[in-house]
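The file model_32.txt comes next; it holds compact mmCIF, C-alpha atoms.
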```txt
# COMPACT_ATOMS: atom_id res chain seq x y z
CA MET Z 1 0.00 0.00 0.00
CA PRO Z 2 1.53 3.34 -1.01
CA ALA Z 3 2.24 5.64 1.89
CA THR Z 4 2.03 8.94 0.03
CA ALA Z 5 -1.13 10.98 0.76
CA HIS Z 6 -2.66 13.25 -1.84
CA SER Z 7 -4.98 16.22 -1.65
CA PRO Z 8 -8.63 15.24 -2.28
CA ALA Z 9 -9.03 18.38 -4.37
CA THR Z 10 -6.86 16.83 -7.07
CA GLY Z 11 -9.02 13.72 -7.34
CA GLU Z 12 -6.04 11.52 -6.36
CA PRO Z 13 -6.23 8.36 -4.21
CA LEU Z 14 -7.34 8.81 -0.61
CA ASP Z 15 -4.37 6.90 0.83
CA PRO Z 16 -3.98 4.98 3.06
CA LEU Z 17 -7.56 3.69 2.55
CA PRO Z 18 -7.55 0.32 0.78
CA ARG Z 19 -9.70 0.29 -2.32
CA GLU Z 20 -11.55 -2.78 -1.00
CA PHE Z 21 -13.03 -0.52 1.69
CA ALA Z 22 -15.23 0.98 -1.04
CA GLU Z 23 -17.03 -2.35 -1.43
CA LEU Z 24 -18.02 -2.21 2.24
CA MET Z 25 -19.18 1.40 1.96
CA ARG Z 26 -21.15 1.23 -1.28
CA PRO Z 27 -24.20 -0.73 0.07
CA GLU Z 28 -24.53 1.85 2.87
CA ILE Z 29 -25.19 4.79 0.50
CA PRO Z 30 -29.04 4.48 0.20
CA GLY Z 31 -29.46 4.28 3.97
CA LEU Z 32 -27.05 7.17 4.50
CA ILE Z 33 -28.96 9.39 2.05
CA LYS Z 34 -32.16 8.85 4.01
CA GLU Z 35 -30.54 9.28 7.42
CA ILE Z 36 -28.67 12.42 6.41
CA GLY Z 37 -31.86 13.93 4.98
CA VAL Z 38 -33.76 13.31 8.22
CA GLU Z 39 -30.97 14.57 10.49
CA VAL Z 40 -30.22 17.69 8.41
CA GLN Z 41 -33.89 18.71 8.43
CA ARG Z 42 -34.03 18.13 12.18
CA ALA Z 43 -30.89 20.16 12.86
CA TYR Z 44 -31.58 22.82 10.22
CA PRO Z 45 -35.38 23.27 9.82
CA VAL Z 46 -34.71 25.98 7.22
CA TYR Z 47 -33.93 23.16 4.76
CA ALA Z 48 -37.21 21.28 5.30
CA HIS Z 49 -39.02 23.11 2.46
CA LEU Z 50 -36.15 22.33 0.09
CA PHE Z 51 -36.08 18.60 0.90
CA ASN Z 52 -39.86 18.42 0.40
CA GLY Z 53 -40.28 21.00 -2.37
CA PRO Z 54 -40.03 20.89 -6.16
CA HIS Z 55 -36.22 20.74 -6.05
CA SER Z 56 -36.19 17.70 -3.72
CA ASP Z 57 -35.03 15.31 -6.44
CA ALA Z 58 -32.05 17.53 -7.31
CA ILE Z 59 -31.14 17.86 -3.62
CA ARG Z 60 -31.27 14.10 -3.04
CA GLN Z 61 -29.26 13.59 -6.22
CA GLY Z 62 -26.66 16.03 -4.91
CA VAL Z 63 -26.37 14.16 -1.60
CA GLU Z 64 -26.15 10.85 -3.47
CA GLN Z 65 -23.47 12.17 -5.81
CA ALA Z 66 -21.43 13.56 -2.92
CA LEU Z 67 -21.45 10.19 -1.15
CA ALA Z 68 -20.99 8.08 -4.27
CA ALA Z 69 -18.11 10.24 -5.55
CA PHE Z 70 -16.25 9.73 -2.26
CA VAL Z 71 -16.70 5.97 -2.50
CA GLU Z 72 -15.62 5.95 -6.14
CA ARG Z 73 -12.59 8.08 -5.24
CA VAL Z 74 -11.52 5.22 -2.97
CA ALA Z 75 -12.41 2.46 -5.45
CA ALA Z 76 -11.23 4.11 -8.66
CA PRO Z 77 -8.94 7.11 -8.17
CA GLY Z 78 -9.40 9.76 -10.82
CA ALA Z 79 -13.11 8.95 -11.39
CA ASN Z 80 -15.05 11.74 -13.11
CA SER Z 81 -17.02 13.94 -10.68
CA ALA Z 82 -18.41 16.60 -13.05
CA LEU Z 83 -22.05 15.93 -12.12
CA ARG Z 84 -21.23 16.09 -8.41
CA ASP Z 85 -19.28 19.34 -8.90
CA GLU Z 86 -22.17 21.06 -10.67
CA LEU Z 87 -24.74 19.91 -8.09
CA LEU Z 88 -22.55 21.15 -5.23
CA ARG Z 89 -22.11 24.51 -6.94
CA LYS Z 90 -25.89 24.63 -7.31
CA PHE Z 91 -26.24 24.15 -3.54
CA GLY Z 92 -24.09 27.27 -3.11
CA ARG Z 93 -26.20 29.21 -5.62
CA VAL Z 94 -29.36 28.25 -3.74
CA GLU Z 95 -27.91 29.59 -0.48
CA ALA Z 96 -27.12 32.91 -2.18
CA TYR Z 97 -30.57 33.11 -3.77
CA GLU Z 98 -32.23 32.51 -0.38
CA GLY Z 99 -30.09 35.15 1.30
CA ARG Z 100 -28.23 32.87 3.71
CA ASP Z 101 -24.51 32.82 4.44
CA LEU Z 102 -22.60 29.60 3.91
CA ASP Z 103 -22.33 28.68 7.60
CA THR Z 104 -25.61 26.77 7.56
CA LEU Z 105 -24.72 24.74 4.48
CA GLN Z 106 -21.26 24.00 5.82
CA GLY Z 107 -22.81 22.85 9.09
CA ALA Z 108 -25.09 20.51 7.14
CA TYR Z 109 -22.11 19.06 5.26
CA ARG Z 110 -20.24 18.42 8.51
CA LEU Z 111 -23.31 16.85 10.08
CA GLY Z 112 -23.52 14.51 7.09
CA ALA Z 113 -19.86 13.65 7.52
CA ARG Z 114 -20.39 12.81 11.21
CA ILE Z 115 -23.27 10.50 10.27
CA ALA Z 116 -21.10 8.81 7.61
CA LEU Z 117 -18.27 8.40 10.15
CA ARG Z 118 -20.67 6.86 12.63
CA ARG Z 119 -21.72 4.38 9.93
CA ALA Z 120 -18.05 3.64 9.12
CA LYS Z 121 -17.34 2.86 12.78
CA SER Z 122 -20.25 0.42 12.75
CA ILE Z 123 -18.81 -1.24 9.63
CA GLY Z 124 -15.44 -1.36 11.36
CA ARG Z 125 -16.89 -3.25 14.32
CA THR Z 126 -18.76 -5.65 12.01
CA TYR Z 127 -15.69 -6.50 9.93
CA ASN Z 128 -13.12 -6.11 12.73
CA LEU Z 129 -11.29 -3.31 10.92
CA SER Z 130 -8.32 -1.69 12.58
CA PRO Z 131 -8.73 1.62 14.48
CA THR Z 132 -5.96 3.02 12.26
CA LEU Z 133 -8.10 2.42 9.18
CA ILE Z 134 -11.12 4.15 10.73
CA LEU Z 135 -8.95 7.13 11.69
CA ALA Z 136 -7.65 7.29 8.12
CA PHE Z 137 -11.24 7.19 6.91
CA ALA Z 138 -12.15 10.10 9.20
CA ASP Z 139 -9.20 12.17 7.97
CA ALA Z 140 -10.08 11.50 4.33
CA LEU Z 141 -13.78 12.18 4.93
CA PHE Z 142 -13.32 15.59 6.54
CA ALA Z 143 -10.75 16.58 3.90
CA TYR Z 144 -13.40 15.61 1.35
CA VAL Z 145 -15.97 17.80 3.13
CA GLU Z 146 -13.62 20.76 2.67
CA GLU Z 147 -13.64 20.00 -1.04
CA LEU Z 148 -17.47 20.01 -1.08
CA GLU Z 149 -17.52 23.30 0.78
CA SER Z 150 -15.10 24.79 -1.75
CA LEU Z 151 -17.33 23.76 -4.67
CA SER Z 152 -20.43 25.25 -3.02
CA ARG Z 153 -18.48 28.43 -2.29
CA GLU Z 154 -17.79 28.73 -6.02
CA GLY Z 155 -21.52 28.69 -6.78
CA TYR Z 156 -22.26 31.10 -3.93
CA VAL Z 157 -19.61 33.59 -5.05
CA MET Z 158 -20.80 33.25 -8.65
CA VAL Z 159 -24.23 34.62 -7.67
CA GLN Z 160 -22.74 37.34 -5.52
CA ALA Z 161 -20.36 38.37 -8.30
CA ARG Z 162 -23.30 38.99 -10.60
CA GLY Z 163 -24.48 41.50 -8.03
CA MET Z 164 -27.80 41.03 -6.28
CA SER Z 165 -28.69 44.55 -7.37
CA ASP Z 166 -28.91 43.19 -10.90
CA VAL Z 167 -32.60 42.94 -11.75
CA ALA Z 168 -32.23 39.61 -13.56
CA ALA Z 169 -30.54 38.02 -10.53
CA LEU Z 170 -33.18 39.45 -8.19
CA ARG Z 171 -35.93 38.03 -10.35
CA ARG Z 172 -34.31 34.60 -10.43
CA GLN Z 173 -34.22 34.75 -6.65
CA LEU Z 174 -37.89 35.71 -6.62
CA LEU Z 175 -38.72 32.78 -8.87
CA HIS Z 176 -36.82 30.42 -6.61
CA LEU Z 177 -38.57 31.65 -3.48
CA VAL Z 178 -42.06 31.48 -5.02
CA VAL Z 179 -41.54 27.98 -6.42
CA ALA Z 180 -39.91 26.71 -3.20
CA GLY Z 181 -42.98 27.55 -1.07
CA PRO Z 182 -45.27 27.09 0.74
CA PRO Z 183 -45.14 28.85 3.07
CA LEU Z 184 -44.02 31.86 1.09
CA PRO Z 185 -41.53 34.13 2.89
CA ARG Z 186 -43.78 37.11 2.16
CA ALA Z 187 -41.63 39.75 3.86
CA THR Z 188 -38.57 38.72 1.84
CA ILE Z 189 -40.59 38.47 -1.36
CA ALA Z 190 -42.14 41.90 -0.80
CA GLU Z 191 -38.68 43.43 -0.36
CA LEU Z 192 -37.34 41.70 -3.48
CA CYS Z 193 -40.41 42.72 -5.49
CA GLN Z 194 -39.72 46.34 -4.65
CA GLU Z 195 -36.03 46.08 -5.56
CA ALA Z 196 -36.74 44.16 -8.77
CA SER Z 197 -39.69 46.32 -9.86
CA TRP Z 198 -41.95 43.27 -10.01
CA GLN Z 199 -45.42 42.82 -8.55
CA LEU Z 200 -46.48 39.53 -6.96
CA PRO Z 201 -49.62 38.49 -8.87
CA ALA Z 202 -52.77 36.97 -7.40
CA GLU Z 203 -52.29 34.03 -9.79
CA CYS Z 204 -49.43 32.69 -11.86
CA THR Z 205 -48.82 30.07 -14.54
CA LEU Z 206 -45.73 27.88 -14.31
CA VAL Z 207 -44.04 26.40 -17.38
CA ALA Z 208 -41.55 23.51 -17.32
CA LEU Z 209 -39.02 23.51 -20.17
CA ARG Z 210 -37.12 20.58 -21.61
CA PRO Z 211 -33.36 21.26 -21.56
CA PRO Z 212 -31.29 22.36 -23.30
CA VAL Z 213 -32.99 25.72 -23.71
CA ALA Z 214 -32.18 27.82 -26.78
CA GLU Z 215 -30.42 31.11 -26.04
CA LEU Z 216 -33.17 33.01 -27.86
CA VAL Z 217 -35.87 32.01 -25.36
CA GLN Z 218 -35.03 34.65 -22.72
CA ALA Z 219 -35.07 37.50 -25.27
CA GLY Z 220 -38.55 36.52 -26.48
CA LEU Z 221 -40.23 36.55 -23.07
CA ASP Z 222 -42.37 39.39 -21.75
CA ARG Z 223 -40.44 41.58 -19.33
CA ASP Z 224 -42.50 40.50 -16.30
CA VAL Z 225 -41.97 36.76 -16.87
CA LEU Z 226 -39.63 35.23 -14.29
CA ALA Z 227 -37.23 32.66 -15.70
CA ASP Z 228 -34.25 30.56 -14.76
CA LEU Z 229 -33.05 28.77 -17.86
CA SER Z 230 -29.68 27.66 -16.49
CA LEU Z 231 -31.03 25.04 -14.08
CA PRO Z 232 -31.08 21.31 -14.85
CA GLN Z 233 -34.89 21.68 -14.79
CA PRO Z 234 -35.45 25.13 -16.37
CA HIS Z 235 -38.79 26.83 -15.80
CA LEU Z 236 -40.78 30.05 -16.17
CA LEU Z 237 -43.37 31.90 -14.14
CA ILE Z 238 -45.94 33.90 -16.12
CA PRO Z 239 -47.93 36.35 -13.98
CA GLY Z 240 -51.66 35.68 -14.28
CA PRO Z 241 -53.46 33.16 -16.49
CA LEU Z 242 -52.22 32.04 -19.90
CA THR Z 243 -54.22 34.45 -22.05
CA ALA Z 244 -54.19 34.29 -25.85
CA GLU Z 245 -51.57 37.06 -25.89
CA ARG Z 246 -49.38 35.24 -23.35
CA LEU Z 247 -49.75 31.98 -25.27
CA ALA Z 248 -48.65 33.65 -28.50
CA MET Z 249 -45.67 35.16 -26.68
CA LEU Z 250 -44.72 31.79 -25.24
CA ARG Z 251 -44.98 29.93 -28.55
CA SER Z 252 -42.84 32.56 -30.23
CA ALA Z 253 -40.22 32.67 -27.45
CA LEU Z 254 -39.77 28.92 -27.12
CA ALA Z 255 -37.92 28.76 -30.44
CA GLY Z 256 -38.34 25.00 -30.73
CA THR Z 257 -37.88 24.23 -27.02
CA SER Z 258 -40.51 21.72 -25.80
CA ALA Z 259 -42.50 22.79 -22.75
CA VAL Z 260 -45.38 21.84 -20.48
CA VAL Z 261 -47.72 24.53 -19.16
CA GLY Z 262 -48.72 23.95 -15.55
CA LEU Z 263 -51.99 24.99 -13.95
CA THR Z 264 -52.73 28.63 -13.14
CA VAL Z 265 -52.58 28.83 -9.34
CA PRO Z 266 -52.03 31.31 -6.49
CA PRO Z 267 -48.31 31.94 -5.85
CA GLY Z 268 -48.41 29.78 -2.72
CA GLN Z 269 -49.20 26.75 -4.91
CA ALA Z 270 -46.59 27.48 -7.60
CA GLY Z 271 -44.45 24.58 -6.38
CA HIS Z 272 -47.32 22.16 -7.03
CA SER Z 273 -47.92 23.57 -10.50
CA ILE Z 274 -44.30 23.18 -11.63
CA ARG Z 275 -44.14 19.70 -10.07
CA TRP Z 276 -47.18 18.59 -12.09
CA ALA Z 277 -45.74 20.13 -15.25
CA ARG Z 278 -42.45 18.27 -14.76
CA ARG Z 279 -44.36 15.05 -14.16
CA VAL Z 280 -46.10 15.49 -17.52
CA LEU Z 281 -42.67 15.91 -19.14
CA GLU Z 282 -41.73 12.52 -17.62
CA LEU Z 283 -44.96 10.96 -18.92
CA ILE Z 284 -44.15 12.29 -22.39
CA ASP Z 285 -40.75 10.59 -22.16
CA ASP Z 286 -42.50 7.37 -21.08
CA GLY Z 287 -44.87 7.50 -24.06
CA VAL Z 288 -47.98 7.88 -21.89
CA VAL Z 289 -48.71 11.47 -22.98
CA ALA Z 290 -48.36 12.43 -26.64
CA ASP Z 291 -45.46 14.75 -27.39
CA ALA Z 292 -46.02 18.23 -28.79
CA PRO Z 293 -44.12 21.54 -28.78
CA LEU Z 294 -46.42 22.84 -26.02
CA VAL Z 295 -48.42 20.50 -23.78
CA HIS Z 296 -50.96 21.67 -21.18
CA CYS Z 297 -51.27 20.00 -17.76
CA GLU Z 298 -54.93 20.93 -17.84
CA ASP Z 299 -55.48 18.29 -20.53
CA HIS Z 300 -53.92 15.47 -18.48
CA LEU Z 301 -55.18 15.89 -14.91
CA THR Z 302 -56.82 12.45 -14.79
CA THR Z 303 -53.63 10.79 -16.05
CA LEU Z 304 -51.58 12.68 -13.45
CA TRP Z 305 -53.98 11.55 -10.73
CA LEU Z 306 -54.13 7.91 -11.81
CA LEU Z 307 -50.34 7.61 -12.09
CA ALA Z 308 -49.50 9.67 -8.99
CA ASP Z 309 -48.95 6.51 -6.93
CA PRO Z 310 -48.36 3.51 -9.23
CA ALA Z 311 -48.03 1.03 -6.35
CA LEU Z 312 -51.40 2.08 -4.93
CA THR Z 313 -53.21 1.90 -8.29
CA THR Z 314 -51.70 -1.55 -8.85
CA HIS Z 315 -53.17 -2.74 -5.55
CA LEU Z 316 -56.52 -1.15 -6.45
CA ALA Z 317 -56.52 -2.98 -9.79
CA GLN Z 318 -55.64 -6.28 -8.10
CA ARG Z 319 -58.52 -5.86 -5.66
CA GLU Z 320 -61.14 -4.80 -8.20
CA LEU Z 321 -60.18 -7.43 -10.79
CA ALA Z 322 -59.83 -10.27 -8.28
CA PRO Z 323 -63.00 -12.02 -9.60
CA LEU Z 324 -61.07 -12.76 -12.82
CA ASP Z 325 -57.96 -14.19 -11.13
CA GLY Z 326 -58.91 -17.80 -11.90
CA LEU Z 327 -58.98 -17.28 -15.67
CA SER Z 328 -56.18 -18.01 -18.13
CA GLY Z 329 -53.99 -15.11 -19.21
CA THR Z 330 -55.42 -14.54 -22.72
CA ARG Z 331 -59.05 -14.94 -21.69
CA ARG Z 332 -58.56 -12.67 -18.68
CA GLU Z 333 -56.90 -9.97 -20.82
CA ARG Z 334 -59.79 -10.03 -23.34
CA LEU Z 335 -62.40 -9.70 -20.61
CA ILE Z 336 -60.47 -6.87 -18.92
CA GLU Z 337 -60.17 -4.93 -22.19
CA THR Z 338 -63.88 -5.40 -22.93
CA LEU Z 339 -64.76 -4.35 -19.39
CA ARG Z 340 -62.55 -1.23 -19.66
CA VAL Z 341 -64.23 -0.03 -22.86
CA HIS Z 342 -67.71 -0.94 -21.59
CA VAL Z 343 -67.32 0.78 -18.22
CA SER Z 344 -65.62 3.92 -19.58
CA THR Z 345 -67.93 4.49 -22.57
CA ARG Z 346 -71.29 3.05 -21.41
CA ALA Z 347 -71.67 2.29 -25.14
CA PRO Z 348 -73.90 -0.48 -26.61
CA ALA Z 349 -72.35 -3.80 -27.63
CA GLU Z 350 -72.21 -2.82 -31.31
CA GLN Z 351 -70.09 0.29 -30.56
CA VAL Z 352 -67.88 -1.56 -28.08
CA GLY Z 353 -67.33 -4.21 -30.74
CA GLU Z 354 -66.22 -1.57 -33.24
CA MET Z 355 -63.74 -0.15 -30.74
CA LEU Z 356 -62.32 -3.59 -29.99
CA GLY Z 357 -62.47 -4.88 -33.56
CA VAL Z 358 -64.76 -7.83 -32.66
CA HIS Z 359 -68.36 -8.80 -33.44
CA ALA Z 360 -71.11 -7.37 -31.22
CA GLN Z 361 -72.21 -10.92 -30.35
CA THR Z 362 -68.71 -11.58 -28.99
CA VAL Z 363 -69.03 -8.48 -26.84
CA ARG Z 364 -72.42 -9.66 -25.47
CA TYR Z 365 -70.93 -13.05 -24.67
CA ARG Z 366 -68.03 -11.44 -22.81
CA LEU Z 367 -70.36 -9.08 -20.91
CA ARG Z 368 -72.46 -12.05 -19.76
CA ASN Z 369 -69.26 -13.71 -18.56
CA LEU Z 370 -68.31 -10.53 -16.70
CA ASP Z 371 -71.73 -10.38 -15.04
CA ASN Z 372 -71.25 -13.97 -13.87
CA HIS Z 373 -67.86 -13.15 -12.35
CA PHE Z 374 -68.62 -9.73 -10.83
CA GLY Z 375 -72.30 -10.07 -9.95
CA ASP Z 376 -73.74 -7.00 -8.25
CA ARG Z 377 -70.32 -5.31 -8.02
CA LEU Z 378 -70.85 -3.83 -11.49
CA LEU Z 379 -74.08 -2.20 -10.29
CA ASP Z 380 -72.64 -0.73 -7.08
CA PRO Z 381 -71.61 2.94 -7.73
CA ASP Z 382 -68.55 2.82 -5.44
CA HIS Z 383 -67.23 -0.42 -6.93
CA ARG Z 384 -67.97 0.76 -10.46
CA PHE Z 385 -66.03 4.01 -9.88
CA ALA Z 386 -63.07 2.17 -8.32
CA LEU Z 387 -63.15 -0.37 -11.15
CA GLU Z 388 -63.12 2.33 -13.83
CA ALA Z 389 -60.22 4.14 -12.14
CA ALA Z 390 -58.28 0.89 -11.81
CA LEU Z 391 -58.89 -0.07 -15.44
CA ARG Z 392 -57.85 3.35 -16.71
CA ALA Z 393 -54.67 3.26 -14.63
CA LEU Z 394 -53.92 -0.28 -15.78
CA HIS Z 395 -54.38 0.79 -19.41
CA LEU Z 396 -52.00 3.73 -18.92
CA HIS Z 397 -49.38 1.41 -17.37
CA GLU Z 398 -49.75 -0.97 -20.32
CA THR Z 399 -49.27 1.96 -22.72
CA LYS Z 400 -46.06 2.90 -20.89
CA ARG Z 401 -44.73 -0.68 -21.05
CA THR Z 402 -45.54 -1.30 -24.72
CA ASP Z 403 -44.07 2.02 -25.87
```

Written as structure tokens, that's how I'd like the structure from this file.
Amino acid sequence: MPATAHSPATGEPLDPLPREFAELMRPEIPGLIKEIGVEVQRAYPVYAHLFNGPHSDAIRQGVEQALAAFVERVAAPGANSALRDELLRKFGRVEAYEGRDLDTLQGAYRLGARIALRRAKSIGRTYNLSPTLILAFADALFAYVEELESLSREGYVMVQARGMSDVAALRRQLLHLVVAGPPLPRATIAELCQEASWQLPAECTLVALRPPVAELVQAGLDRDVLADLSLPQPHLLIPGPLTAERLAMLRSALAGTSAVVGLTVPPGQAGHSIRWARRVLELIDDGVVADAPLVHCEDHLTTLWLLADPALTTHLAQRELAPLDGLSGTRRERLIETLRVHVSTRAPAEQVGEMLGVHAQTVRYRLRNLDNHFGDRLLDPDHRFALEAALRALHLHETKRTD
């Protein structure tokens, strides 16, 4: 084992840690992510709205990357950490946008390191590792934390260098604060609105953009539209509803960038609106929602609802379709598809047959079979509603799998 130590900032080996130690650490990462999230929110309640807000996925990804990059540094010295670096710089930018100094973020990093060290000591006891190795781990870990702090400081200073008196920077901060709520920090927002010459509207429309965003987009937006196009999940806030004039502006400004328009909501619900819009972008990627240059959440509310909790809708479908469990796969699938069309359309057998591409008599035969299996359940309003919801969700899942 080489005895020469190297600075973590250079991405060199974290000697004297043996590379095999990474194999013991790697399975601990998922549990550490969860534990660090809980402990950081408990110690620093100011971060609770970030961990549970629209940027929660990016925050968890940042924590995961920070832990995984350390492990990979041990296992494979020189491993690329570009994604981690950008996420850590983003953490620093967020602190600047929210008007905090870096002490809180640095405290959170060090708390995470203490939790990781506690886990390492537990591993050491389990595998009878030497105290010297655990001490070396602690030294490497806290040197690594200094590297994380340095990266976040870069992002923090980047925002400060732009000058918070700059109207564009102030408006990006406003956008971040509005989307991060609730609760909205109204005193801070009121102060920023005054400095940025922007009025908080009674309602707003959020728009999620698919990266990368063309450089021309910003220039084509109305002056009162808040935008941050540099984020991994770029988005806009349009004051008020999406009128015909606003829609024309948006279509012109997008310059080929795909987007999803969220619901028009009060500012306190802006975080929900952008979260739904981003979910529709995911459903487009999955083939569930048809792609288009501009998609409206308003047109896909039922789909959003039915796919909000896939595990729950799967259990609902299993419960409601239990009467068909004894049938063979092909026969069961045909009856389920007939039942879905029948329940959702209330159409006569002839029309259902046209939709399914089978003879009306076949449909009548299948419906009699369904009556035999379900009995009065098809007449009960509660069961019929649950059955229709389950069948629609099941059909959407099948669409996602086949595409």

Work out how far atom CA of Pro310 of chain Z is from atom CA of Ser258 of chain Z, in Å to one decimal. 25.8 Å

Looking at Z:Leu370, Z:Leu312, Z:Leu229, Z:Leu206, which one is nearest to Arg332 of chain Z, with distances taken over only C-alpha atoms?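 Checking each candidate against Arg332 of chain Z, we get Z:Leu370 as the closest.
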
Write out as a ChimeraX atom specification which residues come within 12 Å of Thr188 of chain Z when counting all atoms listed in the file, dropping same-chain ones fewer than 3 positions away. /Z:97-99,170,173-174,176-178,183-185,191-195,200

Hey, which of Z:Leu221, Z:Leu67, Z:Leu175, Z:Val343 ends up closest to Glu245 of chain Z? Count only C-alpha atoms.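 Counting only C-alpha atoms, the residue closest to Glu245 of chain Z is Z:Leu221.
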
Distance of atom CA of Arg368 of chain Z from atom CA of Leu321 of chain Z, expressed in Å to one decimal place: 15.9 Å

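Comparing Z:Ala22, Z:Leu327, Z:Ala66, Z:Val157 by their smallest distance to Leu88 of chain Z, the closest is Z:Ala66 (using only C-alpha atoms).
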
Need the neighbours of (-9.3, 0.5, 10.6): which residues are at most 12 Å away, counting all atoms listed in the file, as a PDB file with C-alpha atoms, in the coordinates of the input?
```
ATOM      1  CA  PRO Z  16      -3.980   4.980   3.060  1.00  0.00           C
ATOM      2  CA  LEU Z  17      -7.560   3.690   2.550  1.00  0.00           C
ATOM      3  CA  PRO Z  18      -7.550   0.320   0.780  1.00  0.00           C
ATOM      4  CA  PHE Z  21     -13.030  -0.520   1.690  1.00  0.00           C
ATOM      5  CA  LEU Z 117     -18.270   8.400  10.150  1.00  0.00           C
ATOM      6  CA  ALA Z 120     -18.050   3.640   9.120  1.00  0.00           C
ATOM      7  CA  LYS Z 121     -17.340   2.860  12.780  1.00  0.00           C
ATOM      8  CA  SER Z 122     -20.250   0.420  12.750  1.00  0.00           C
ATOM      9  CA  ILE Z 123     -18.810  -1.240   9.630  1.00  0.00           C
ATOM     10  CA  GLY Z 124     -15.440  -1.360  11.360  1.00  0.00           C
ATOM     11  CA  ARG Z 125     -16.890  -3.250  14.320  1.00  0.00           C
ATOM     12  CA  THR Z 126     -18.760  -5.650  12.010  1.00  0.00           C
ATOM     13  CA  TYR Z 127     -15.690  -6.500   9.930  1.00  0.00           C
ATOM     14  CA  ASN Z 128     -13.120  -6.110  12.730  1.00  0.00           C
ATOM     15  CA  LEU Z 129     -11.290  -3.310  10.920  1.00  0.00           C
ATOM     16  CA  SER Z 130      -8.320  -1.690  12.580  1.00  0.00           C
ATOM     17  CA  PRO Z 131      -8.730   1.620  14.480  1.00  0.00           C
ATOM     18  CA  THR Z 132      -5.960   3.020  12.260  1.00  0.00           C
ATOM     19  CA  LEU Z 133      -8.100   2.420   9.180  1.00  0.00           C
ATOM     20  CA  ILE Z 134     -11.120   4.150  10.730  1.00  0.00           C
ATOM     21  CA  LEU Z 135      -8.950   7.130  11.690  1.00  0.00           C
ATOM     22  CA  ALA Z 136      -7.650   7.290   8.120  1.00  0.00           C
ATOM     23  CA  PHE Z 137     -11.240   7.190   6.910  1.00  0.00           C
ATOM     24  CA  ALA Z 138     -12.150  10.100   9.200  1.00  0.00           C
ATOM     25  CA  ASP Z 139      -9.200  12.170   7.970  1.00  0.00           C
TER      26      ASP Z 139
END
```

Nearest candidate to Ile29 of chain Z (options Z:Gly112, Z:Gly326, Z:Gly256, Z:Pro241; using only C-alpha atoms):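 Ranking Z:Gly112, Z:Gly326, Z:Gly256, Z:Pro241 by distance to Ile29 of chain Z, first place goes to Z:Gly112.
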